[in-house]
$ cat entry_6.tsv   # TSV, C-alpha atoms and all ligand atoms
chain	number	residue	atom	x	y	z
A	71	MET	CA	28.05	133.99	52.95
A	72	LEU	CA	27.84	131.11	55.32
A	73	SER	CA	31.47	131.35	56.26
A	74	ARG	CA	31.15	135.10	56.86
A	75	CYS	CA	28.20	134.51	59.16
A	76	ARG	CA	30.14	131.91	61.03
A	77	TRP	CA	33.06	134.27	61.39
A	78	LEU	CA	30.84	136.99	62.77
A	79	PHE	CA	29.21	134.61	65.19
A	80	SER	CA	32.50	133.37	66.60
A	81	ALA	CA	33.81	136.93	66.87
A	82	ILE	CA	30.77	137.91	68.95
A	83	THR	CA	31.12	134.78	71.10
A	84	ALA	CA	34.78	135.56	71.75
A	85	ALA	CA	33.93	139.14	72.73
A	86	VAL	CA	31.21	137.99	75.13
A	87	LEU	CA	33.54	135.43	76.72
A	88	ALA	CA	36.27	138.04	77.14
A	89	VAL	CA	33.92	140.49	78.87
A	90	GLY	CA	32.49	137.68	80.98
A	91	SER	CA	35.89	136.52	82.30
A	92	ALA	CA	36.94	140.09	83.10
A	93	THR	CA	33.91	140.92	85.22
A	94	ALA	CA	31.97	137.94	86.50
A	95	GLN	CA	34.58	135.99	88.45
A	96	THR	CA	33.48	135.16	92.00
A	97	PRO	CA	36.28	136.22	94.36
A	98	VAL	CA	38.37	133.39	95.78
A	99	LYS	CA	37.86	133.14	99.53
A	100	ALA	CA	41.13	133.32	101.42
A	101	VAL	CA	41.78	133.41	105.15
A	102	ALA	CA	44.87	135.01	106.66
A	103	SER	CA	45.78	134.37	110.26
A	104	PHE	CA	46.70	137.97	111.17
A	105	SER	CA	46.33	141.49	109.83
A	106	ILE	CA	49.83	142.03	108.39
A	107	LEU	CA	49.59	138.83	106.36
A	108	GLY	CA	45.98	139.62	105.41
A	109	ASP	CA	47.09	142.93	103.90
A	110	MET	CA	49.82	141.20	101.87
A	111	VAL	CA	47.38	138.56	100.58
A	112	GLN	CA	44.95	141.30	99.54
A	113	ALA	CA	47.73	143.27	97.82
A	114	ILE	CA	48.70	140.25	95.71
A	115	GLY	CA	45.20	138.83	95.29
A	116	GLY	CA	43.66	142.13	94.22
A	117	SER	CA	40.03	142.00	93.17
A	118	ARG	CA	40.17	138.25	92.41
A	119	VAL	CA	40.45	137.45	96.13
A	120	SER	CA	38.38	138.27	99.18
A	121	VAL	CA	40.43	137.99	102.38
A	122	THR	CA	39.14	137.29	105.88
A	123	THR	CA	41.66	138.09	108.60
A	124	LEU	CA	41.31	136.18	111.88
A	125	VAL	CA	43.42	138.31	114.25
A	126	GLY	CA	42.46	141.85	113.30
A	127	PRO	CA	44.01	145.31	113.80
A	128	ASP	CA	45.86	145.75	117.11
A	129	GLY	CA	45.21	142.07	117.93
A	130	ASP	CA	47.76	139.74	119.51
A	131	ALA	CA	48.10	136.51	117.50
A	132	HIS	CA	50.35	134.91	120.15
A	133	VAL	CA	47.46	134.57	122.59
A	134	PHE	CA	44.49	134.51	120.20
A	135	GLN	CA	41.45	132.41	121.02
A	136	PRO	CA	39.39	131.59	117.93
A	137	ALA	CA	35.62	132.12	118.06
A	138	PRO	CA	32.99	130.03	116.21
A	139	GLY	CA	32.89	132.65	113.42
A	140	ASP	CA	36.58	132.00	112.77
A	141	ALA	CA	35.95	128.29	112.24
A	142	LYS	CA	33.22	129.19	109.75
A	143	ALA	CA	35.57	131.50	107.82
A	144	VAL	CA	38.20	128.75	107.65
A	145	ALA	CA	35.61	126.16	106.60
A	146	ASP	CA	34.46	128.41	103.74
A	147	ALA	CA	37.98	129.27	102.55
A	148	LYS	CA	39.65	127.94	99.45
A	149	VAL	CA	43.09	128.71	100.86
A	150	VAL	CA	44.40	129.60	104.33
A	151	PHE	CA	47.60	131.59	104.88
A	152	VAL	CA	49.61	131.45	108.10
A	153	ASN	CA	52.92	132.98	109.14
A	154	GLY	CA	54.31	129.75	110.62
A	155	LEU	CA	57.44	129.53	112.82
A	156	GLY	CA	55.18	128.84	115.80
A	157	PHE	CA	53.32	132.16	115.59
A	158	GLU	CA	49.81	130.70	115.36
A	159	GLY	CA	49.82	127.79	117.79
A	160	TRP	CA	46.01	127.76	117.62
A	161	MET	CA	45.69	127.29	113.85
A	162	GLU	CA	46.06	123.52	113.59
A	163	ARG	CA	43.22	122.88	115.99
A	164	LEU	CA	41.07	125.56	114.33
A	165	ALA	CA	41.58	124.06	110.86
A	166	GLN	CA	40.75	120.65	112.26
A	167	SER	CA	37.60	121.74	114.05
A	168	ALA	CA	36.53	123.64	110.91
A	169	GLY	CA	37.00	120.49	108.85
A	170	PHE	CA	39.23	122.45	106.48
A	171	LYS	CA	40.45	120.18	103.71
A	172	GLY	CA	42.24	122.76	101.58
A	173	GLN	CA	45.83	123.83	101.70
A	174	VAL	CA	47.37	125.80	104.55
A	175	MET	CA	50.11	127.93	102.99
A	176	VAL	CA	53.00	128.92	105.24
A	177	ALA	CA	54.19	132.41	104.30
A	178	THR	CA	57.62	131.98	105.90
A	179	GLN	CA	58.43	128.84	103.92
A	180	GLY	CA	62.06	129.11	102.77
A	181	ILE	CA	63.00	131.79	105.31
A	182	LYS	CA	65.93	131.11	107.59
A	183	PRO	CA	64.45	131.52	111.07
A	184	ASN	CA	66.15	133.58	113.77
A	185	LYS	CA	66.55	131.88	117.09
A	186	MET	CA	66.92	133.65	120.37
A	187	LYS	CA	70.61	133.50	121.16
A	188	ASP	CA	72.38	133.31	124.50
A	189	GLU	CA	73.72	136.84	124.16
A	190	ASP	CA	70.14	138.01	124.55
A	191	ASP	CA	70.75	137.43	128.24
A	192	ALA	CA	72.26	140.88	128.18
A	193	HIS	CA	68.96	142.20	126.89
A	194	GLY	CA	67.25	142.15	130.20
A	195	HIS	CA	66.21	138.53	130.44
A	196	ALA	CA	66.90	136.64	133.62
A	197	GLN	CA	69.83	134.27	133.39
A	198	GLY	CA	70.78	130.88	134.65
A	199	THR	CA	67.77	128.61	134.92
A	200	ASP	CA	67.10	125.85	132.41
A	201	ALA	CA	63.64	127.20	131.73
A	202	LYS	CA	65.11	130.49	130.61
A	203	LYS	CA	67.66	128.67	128.49
A	204	ASP	CA	64.82	126.89	126.70
A	205	GLU	CA	63.11	130.19	126.09
A	206	HIS	CA	66.26	131.47	124.41
A	207	GLU	CA	66.19	128.61	121.96
A	208	LYS	CA	62.72	129.56	120.82
A	209	ILE	CA	62.26	130.35	117.18
A	210	ASP	CA	61.43	133.99	116.51
A	211	PRO	CA	58.28	134.15	114.35
A	212	HIS	CA	58.40	137.90	113.51
A	213	ALA	CA	60.12	137.40	110.14
A	214	TRP	CA	57.97	140.07	108.41
A	215	GLN	CA	59.94	142.79	110.19
A	216	ASP	CA	62.76	142.25	107.66
A	217	LEU	CA	61.53	143.48	104.27
A	218	ARG	CA	63.75	141.00	102.43
A	219	ASN	CA	61.65	138.32	104.10
A	220	GLY	CA	58.59	140.24	102.90
A	221	LEU	CA	59.73	139.38	99.37
A	222	VAL	CA	59.62	135.67	100.28
A	223	TYR	CA	56.16	136.12	101.79
A	224	ALA	CA	55.02	137.71	98.52
A	225	ASP	CA	56.29	134.76	96.45
A	226	ASN	CA	54.72	132.22	98.81
A	227	ILE	CA	51.41	134.08	98.80
A	228	ALA	CA	51.40	134.24	95.00
A	229	ALA	CA	52.12	130.50	94.83
A	230	GLY	CA	49.29	129.80	97.29
A	231	LEU	CA	46.82	131.89	95.31
A	232	ILE	CA	47.86	130.29	92.02
A	233	ALA	CA	47.34	126.83	93.54
A	234	ALA	CA	43.86	127.87	94.72
A	235	ASP	CA	42.94	129.75	91.52
A	236	PRO	CA	45.12	128.73	88.55
A	237	ALA	CA	43.09	130.92	86.17
A	238	GLY	CA	44.41	133.99	88.00
A	239	ALA	CA	48.07	132.99	87.72
A	240	GLU	CA	49.10	135.86	85.46
A	241	THR	CA	47.33	138.42	87.66
A	242	TYR	CA	48.91	137.09	90.85
A	243	LYS	CA	52.36	137.01	89.28
A	244	ALA	CA	52.04	140.58	88.01
A	245	ASN	CA	50.64	141.82	91.35
A	246	ALA	CA	53.41	140.07	93.29
A	247	ALA	CA	56.09	141.55	91.04
A	248	ALA	CA	54.70	145.08	91.49
A	249	TYR	CA	54.35	144.58	95.24
A	250	LYS	CA	57.90	143.23	95.58
A	251	LYS	CA	59.20	146.29	93.77
A	252	GLN	CA	57.49	148.49	96.38
A	253	LEU	CA	59.00	146.40	99.19
A	254	GLN	CA	62.48	146.68	97.68
A	255	GLU	CA	62.17	150.46	97.49
A	256	LEU	CA	60.91	150.53	101.06
A	257	ASP	CA	63.83	148.34	102.17
A	258	ALA	CA	66.31	150.79	100.64
A	259	TRP	CA	64.55	153.68	102.40
A	260	VAL	CA	64.63	151.90	105.80
A	261	LYS	CA	68.36	151.18	105.35
A	262	ALA	CA	69.05	154.84	104.52
A	263	GLU	CA	66.96	156.17	107.45
A	264	ILE	CA	68.49	153.84	110.04
A	265	GLY	CA	71.92	154.24	108.44
A	266	ALA	CA	71.73	157.98	109.23
A	267	VAL	CA	71.88	157.16	112.96
A	268	ALA	CA	75.34	156.52	114.49
A	269	LYS	CA	75.77	152.80	115.21
A	270	ALA	CA	76.43	153.39	118.92
A	271	LYS	CA	73.03	155.08	119.25
A	272	ARG	CA	71.02	152.27	117.70
A	273	ARG	CA	69.49	150.79	120.85
A	274	VAL	CA	65.76	150.54	121.43
A	275	ILE	CA	63.52	149.15	124.17
A	276	THR	CA	60.18	147.60	123.21
A	277	SER	CA	57.56	145.52	125.07
A	278	HIS	CA	58.40	142.10	123.66
A	279	ASP	CA	61.06	140.68	121.32
A	280	ALA	CA	59.21	141.38	118.07
A	281	PHE	CA	62.01	143.21	116.26
A	282	GLY	CA	64.82	140.64	116.11
A	283	TYR	CA	64.62	140.37	112.31
A	284	PHE	CA	64.39	144.14	111.94
A	285	GLY	CA	67.44	144.44	114.19
A	286	SER	CA	69.51	141.95	112.17
A	287	ALA	CA	68.46	143.43	108.83
A	288	TYR	CA	68.95	147.11	109.63
A	289	GLY	CA	71.56	147.08	112.39
A	290	VAL	CA	69.56	148.00	115.51
A	291	THR	CA	69.77	146.35	118.93
A	292	PHE	CA	66.32	145.82	120.40
A	293	LEU	CA	65.92	145.03	124.08
A	294	ALA	CA	62.68	143.83	125.63
A	295	PRO	CA	61.41	142.69	129.03
A	296	VAL	CA	59.29	139.96	127.37
A	297	GLY	CA	60.54	137.29	124.93
A	298	VAL	CA	59.44	136.34	121.42
A	299	SER	CA	55.96	135.38	122.58
A	300	THR	CA	53.70	137.58	124.67
A	301	ASP	CA	52.30	134.58	126.56
A	302	ALA	CA	55.25	134.55	128.98
A	303	GLU	CA	55.34	136.79	132.04
A	304	PRO	CA	58.45	138.93	132.40
A	305	SER	CA	60.58	138.02	135.41
A	306	ALA	CA	61.18	140.66	138.08
A	307	LYS	CA	64.90	139.91	137.83
A	308	GLY	CA	64.85	140.40	134.06
A	309	VAL	CA	63.02	143.72	134.31
A	310	ALA	CA	65.45	144.93	137.00
A	311	ALA	CA	68.40	144.01	134.76
A	312	LEU	CA	66.84	145.85	131.83
A	313	ILE	CA	66.30	148.97	133.96
A	314	ARG	CA	69.96	148.86	135.04
A	315	GLN	CA	71.04	148.55	131.43
A	316	ILE	CA	68.86	151.48	130.30
A	317	LYS	CA	70.42	153.66	133.01
A	318	GLN	CA	74.00	152.52	132.35
A	319	GLN	CA	73.79	152.90	128.59
A	320	LYS	CA	71.61	156.03	128.79
A	321	ILE	CA	69.06	154.55	126.39
A	322	LYS	CA	66.29	157.03	125.57
A	323	ALA	CA	64.43	155.09	122.87
A	324	LEU	CA	61.58	153.43	124.73
A	325	PHE	CA	58.44	152.20	122.98
A	326	VAL	CA	55.15	150.52	123.71
A	327	GLU	CA	53.63	148.24	121.06
A	328	ASN	CA	50.14	148.42	119.66
A	329	ILE	CA	49.39	144.80	120.63
A	330	THR	CA	50.63	144.68	124.21
A	331	ASN	CA	49.55	146.18	127.48
A	332	PRO	CA	51.62	149.39	127.84
A	333	LYS	CA	51.83	149.14	131.64
A	334	LEU	CA	55.18	147.40	131.93
A	335	VAL	CA	56.97	149.74	129.52
A	336	GLU	CA	55.33	152.75	131.19
A	337	GLN	CA	56.62	151.51	134.53
A	338	ILE	CA	60.13	151.09	133.06
A	339	GLY	CA	59.86	154.63	131.73
A	340	LYS	CA	58.91	155.92	135.17
A	341	GLU	CA	61.76	154.09	136.91
A	342	THR	CA	64.38	155.22	134.41
A	343	GLY	CA	63.03	158.71	133.78
A	344	VAL	CA	62.81	157.97	130.05
A	345	LYS	CA	59.94	159.44	128.05
A	346	LEU	CA	58.01	157.06	125.79
A	347	GLY	CA	58.81	157.41	122.07
A	348	GLY	CA	55.30	156.37	120.99
A	349	ALA	CA	53.77	153.09	119.83
A	350	LEU	CA	55.43	150.73	117.37
A	351	TYR	CA	53.34	148.40	115.25
A	352	SER	CA	54.93	145.01	115.73
A	353	ASP	CA	52.56	142.06	115.28
A	354	ALA	CA	49.44	143.75	113.91
A	355	LEU	CA	48.39	146.68	111.76
A	356	SER	CA	46.34	149.63	112.93
A	357	LYS	CA	42.78	150.01	111.72
A	358	PRO	CA	42.75	150.92	108.00
A	359	ASP	CA	42.48	154.67	108.67
A	360	GLY	CA	45.18	154.58	111.39
A	361	PRO	CA	48.91	155.25	110.99
A	362	ALA	CA	49.83	151.66	110.04
A	363	GLY	CA	46.91	150.37	108.00
A	364	THR	CA	49.11	148.30	105.66
A	365	TYR	CA	52.38	146.33	105.87
A	366	ILE	CA	54.11	149.14	103.97
A	367	LYS	CA	52.59	151.90	106.13
A	368	MET	CA	53.71	150.01	109.22
A	369	PHE	CA	57.35	150.63	108.23
A	370	ARG	CA	56.56	154.20	107.20
A	371	ASN	CA	55.16	154.72	110.72
A	372	ASN	CA	57.76	152.82	112.77
A	373	VAL	CA	61.00	153.91	111.12
A	374	PRO	CA	60.74	157.71	111.67
A	375	LEU	CA	59.70	157.09	115.30
A	376	LEU	CA	62.67	154.75	115.81
A	377	LYS	CA	65.06	157.15	114.12
A	378	ALA	CA	63.95	160.17	116.14
A	379	ALA	CA	64.17	158.27	119.42
A	380	MET	CA	67.58	156.73	118.65
A	381	LEU	CA	69.03	160.13	117.74
A	382	GLY	CA	68.22	161.10	121.35
A	383	ASN	CA	70.31	158.21	122.77
B	401	ZN	ZN	55.09	139.03	118.81

$ encode --input "entry_6.tsv" --output "structure tokens"
Amino acid sequence: MLSRCRWLFSAITAAVLAVGSATAQTPVKAVASFSILGDMVQAIGGSRVSVTTLVGPDGDAHVFQPAPGDAKAVADAKVVFVNGLGFEGWMERLAQSAGFKGQVMVATQGIKPNKMKDEDDAHGHAQGTDAKKDEHEKIDPHAWQDLRNGLVYADNIAAGLIAADPAGAETYKANAAAYKKQLQELDAWVKAEIGAVAKAKRRVITSHDAFGYFGSAYGVTFLAPVGVSTDAEPSAKGVAALIRQIKQQKIKALFVENITNPKLVEQIGKETGVKLGGALYSDALSKPDGPAGTYIKMFRNNVPLLKAAMLGN
């Protein structure tokens, strides 16, 4: 009798514990530096994680200036995710001023970074001066635009979440595996869509050099009046060279980006007689109900626009 009672008691205890662990976990507080990364962290963290994104929809992380609220979010976080590769030059100081003692996880860890090469001189940048040469040796931070890199982001995010919340390891691993499967399918779709455009037509003008990784991965040449960071002013000489190139090569695919002032590209459109192909999402998502509310939707938005415009080249 006693042993039966004991058995019943431990069975009830086990049931209560199981229900408790499934419902009453306080979400792990994570901070992501920008919206694209924030979406990926949320996708892999699921309901175990609450994500605060510092640079929100349509925001430009290159030139972001943190506010006091951002320091508070970082101070409260268990784990902070950044892109790295020089994208968030402001993060180190922010983490310091917030007194953040946790781990800053770099999502691009293990990715081979693209550097701006000399042949990009042909892409409308001014040539010759040492300053410009230095700019060409800058590391390109926009690694997320290649979906194979997205797989690395997913693994790094999962590792960061597991370090912050070991009890959720199985959940994070399962979520990351499911997410990576979606990214692989998306990657195949992007390859097929872009592959349907003749190679000679695959030339696109955007505001700044945000699509270098996309270009290498999917075989598109992107040209831009502004380099890999938006904090540099385009040179008049560079813009003039780009306009000449657009006319010579009869490029019709001309895009503004959601994060940059459209004026320069609009002016290029006016001077070349090329109609704008719409807005590409480069460094930030749209608002959740917009056309590029997630990392995956960003590709679903950009790729058909790119394809349609390139077919007109
Ligand atoms: Zn950028």

$ residues_near_ligand --input "entry_6.tsv" --ligand "ligand ZN 401 (chain B)" --cutoff "8 Å" --atoms "all atoms listed in the file" --output "short mmCIF file (atom, residue, chain, number, x, y, z; two decimals) with C-alpha atoms, keeping the file's coordinate frame"
data_model
loop_
_atom_site.label_atom_id
_atom_site.label_comp_id
_atom_site.auth_asym_id
_atom_site.auth_seq_id
_atom_site.Cartn_x
_atom_site.Cartn_y
_atom_site.Cartn_z
CA ASP A 130 47.76 139.74 119.51
CA ALA A 131 48.10 136.51 117.50
CA HIS A 132 50.35 134.91 120.15
CA PHE A 157 53.32 132.16 115.59
CA PRO A 211 58.28 134.15 114.35
CA HIS A 212 58.40 137.90 113.51
CA HIS A 278 58.40 142.10 123.66
CA ASP A 279 61.06 140.68 121.32
CA ALA A 280 59.21 141.38 118.07
CA VAL A 298 59.44 136.34 121.42
CA SER A 299 55.96 135.38 122.58
CA THR A 300 53.70 137.58 124.67
CA SER A 352 54.93 145.01 115.73
CA ASP A 353 52.56 142.06 115.28
#

$ residues_around --input "entry_6.tsv" --residues "region 237-251 of chain A" --least-positions-apart "3" --cutoff "6 Å" --atoms "only C-alpha atoms" --output "ChimeraX atom specification"
/A:114,221,224,228,232,254

$ residues_around --input "entry_6.tsv" --residues "Gly348 (chain A)" --least-positions-apart "4" --cutoff "9 Å" --atoms "only C-alpha atoms" --output "list of chain:residue names"
A:Leu324, A:Phe325, A:Val326, A:Glu327, A:Leu375

$ closest_residue --input "entry_6.tsv" --among "A:Ile321, A:Ala266, A:Leu164, A:Ile366" --to "Phe134 (chain A)" --atoms "all atoms listed in the file"
A:Leu164

$ residues_around --input "entry_6.tsv" --residues "Val344 (chain A)" --least-positions-apart "6" --cutoff "12 Å" --atoms "all atoms listed in the file" --output "list in words"
Val274, Ile275, Ile313, Ile316, Lys317, Lys320, Ile321, Lys322, Ala323, Leu324, Phe325, Val335, Glu336, Gln337, Ile338, Ala379, Gly382 and Asn383 of chain A

$ atom_distance --input "entry_6.tsv" --atom1 "CA of Val296 (chain A)" --atom2 "CA of Leu334 (chain A)"
9.6 Å

$ closest_residue --input "entry_6.tsv" --among "A:Leu346, A:Ala354, A:Gly289, A:Leu253" --to "Ala113 (chain A)" --atoms "all atoms listed in the file"
A:Leu253

$ residues_around --input "entry_6.tsv" --residues "Phe281 (chain A)" --least-positions-apart "6" --cutoff "9 Å" --atoms "all atoms listed in the file" --output "JSON, numbers by chain"
{"A": [212, 213, 215, 216, 290, 291, 292, 293, 298, 352]}

$ closest_residue --input "entry_6.tsv" --among "A:Gly126, A:Ser103, A:Ala177, A:Val309" --to "Gly159 (chain A)" --atoms "only C-alpha atoms"
A:Ser103

$ residues_near_point --input "entry_6.tsv" --point "(39.8, 128.1, 90.5)" --cutoff "12 Å" --atoms "only C-alpha atoms" --output "list in words"
Gln95, Thr96, Pro97, Val98, Lys99, Arg118, Val119, Lys148, Val149, Gly230, Leu231, Ile232, Ala233, Ala234, Asp235, Pro236, Ala237, Gly238 and Ala239 of chain A

$ atom_distance --input "entry_6.tsv" --atom1 "CA of Trp259 (chain A)" --atom2 "CA of Gly360 (chain A)"
21.4 Å

$ atom_distance --input "entry_6.tsv" --atom1 "CA of Gln173 (chain A)" --atom2 "CA of Phe151 (chain A)"
8.6 Å

$ closest_residue --input "entry_6.tsv" --among "A:Pro138, A:Gly343, A:Pro127, A:Gly116" --to "Ala362 (chain A)" --atoms "all atoms listed in the file"
A:Pro127

$ residues_around --input "entry_6.tsv" --residues "Asn153 (chain A)" --least-positions-apart "4" --cutoff "12 Å" --atoms "only C-alpha atoms" --output "MDAnalysis selection string"
chainID A and resid 101:108 110:111 131:132 157:159 161 174:181 183 210:214 219:220 222:224 226:227 353

$ closest_residue --input "entry_6.tsv" --among "A:Ala311, A:Val125, A:Ile264, A:Leu381" --to "Pro295 (chain A)" --atoms "all atoms listed in the file"
A:Ala311

$ residues_near_point --input "entry_6.tsv" --point "(64.5, 155.8, 104.5)" --cutoff "12 Å" --atoms "only C-alpha atoms" --output "short mmCIF file (atom, residue, chain, number, x, y, z; two decimals) with C-alpha atoms, in the coordinates of the input"
data_model
loop_
_atom_site.label_atom_id
_atom_site.label_comp_id
_atom_site.auth_asym_id
_atom_site.auth_seq_id
_atom_site.Cartn_x
_atom_site.Cartn_y
_atom_site.Cartn_z
CA GLN A 254 62.48 146.68 97.68
CA GLU A 255 62.17 150.46 97.49
CA LEU A 256 60.91 150.53 101.06
CA ASP A 257 63.83 148.34 102.17
CA ALA A 258 66.31 150.79 100.64
CA TRP A 259 64.55 153.68 102.40
CA VAL A 260 64.63 151.90 105.80
CA LYS A 261 68.36 151.18 105.35
CA ALA A 262 69.05 154.84 104.52
CA GLU A 263 66.96 156.17 107.45
CA ILE A 264 68.49 153.84 110.04
CA GLY A 265 71.92 154.24 108.44
CA ALA A 266 71.73 157.98 109.23
CA VAL A 267 71.88 157.16 112.96
CA TYR A 288 68.95 147.11 109.63
CA PHE A 369 57.35 150.63 108.23
CA ARG A 370 56.56 154.20 107.20
CA ASN A 371 55.16 154.72 110.72
CA ASN A 372 57.76 152.82 112.77
CA VAL A 373 61.00 153.91 111.12
CA PRO A 374 60.74 157.71 111.67
CA LEU A 375 59.70 157.09 115.30
CA LEU A 376 62.67 154.75 115.81
CA LYS A 377 65.06 157.15 114.12
#
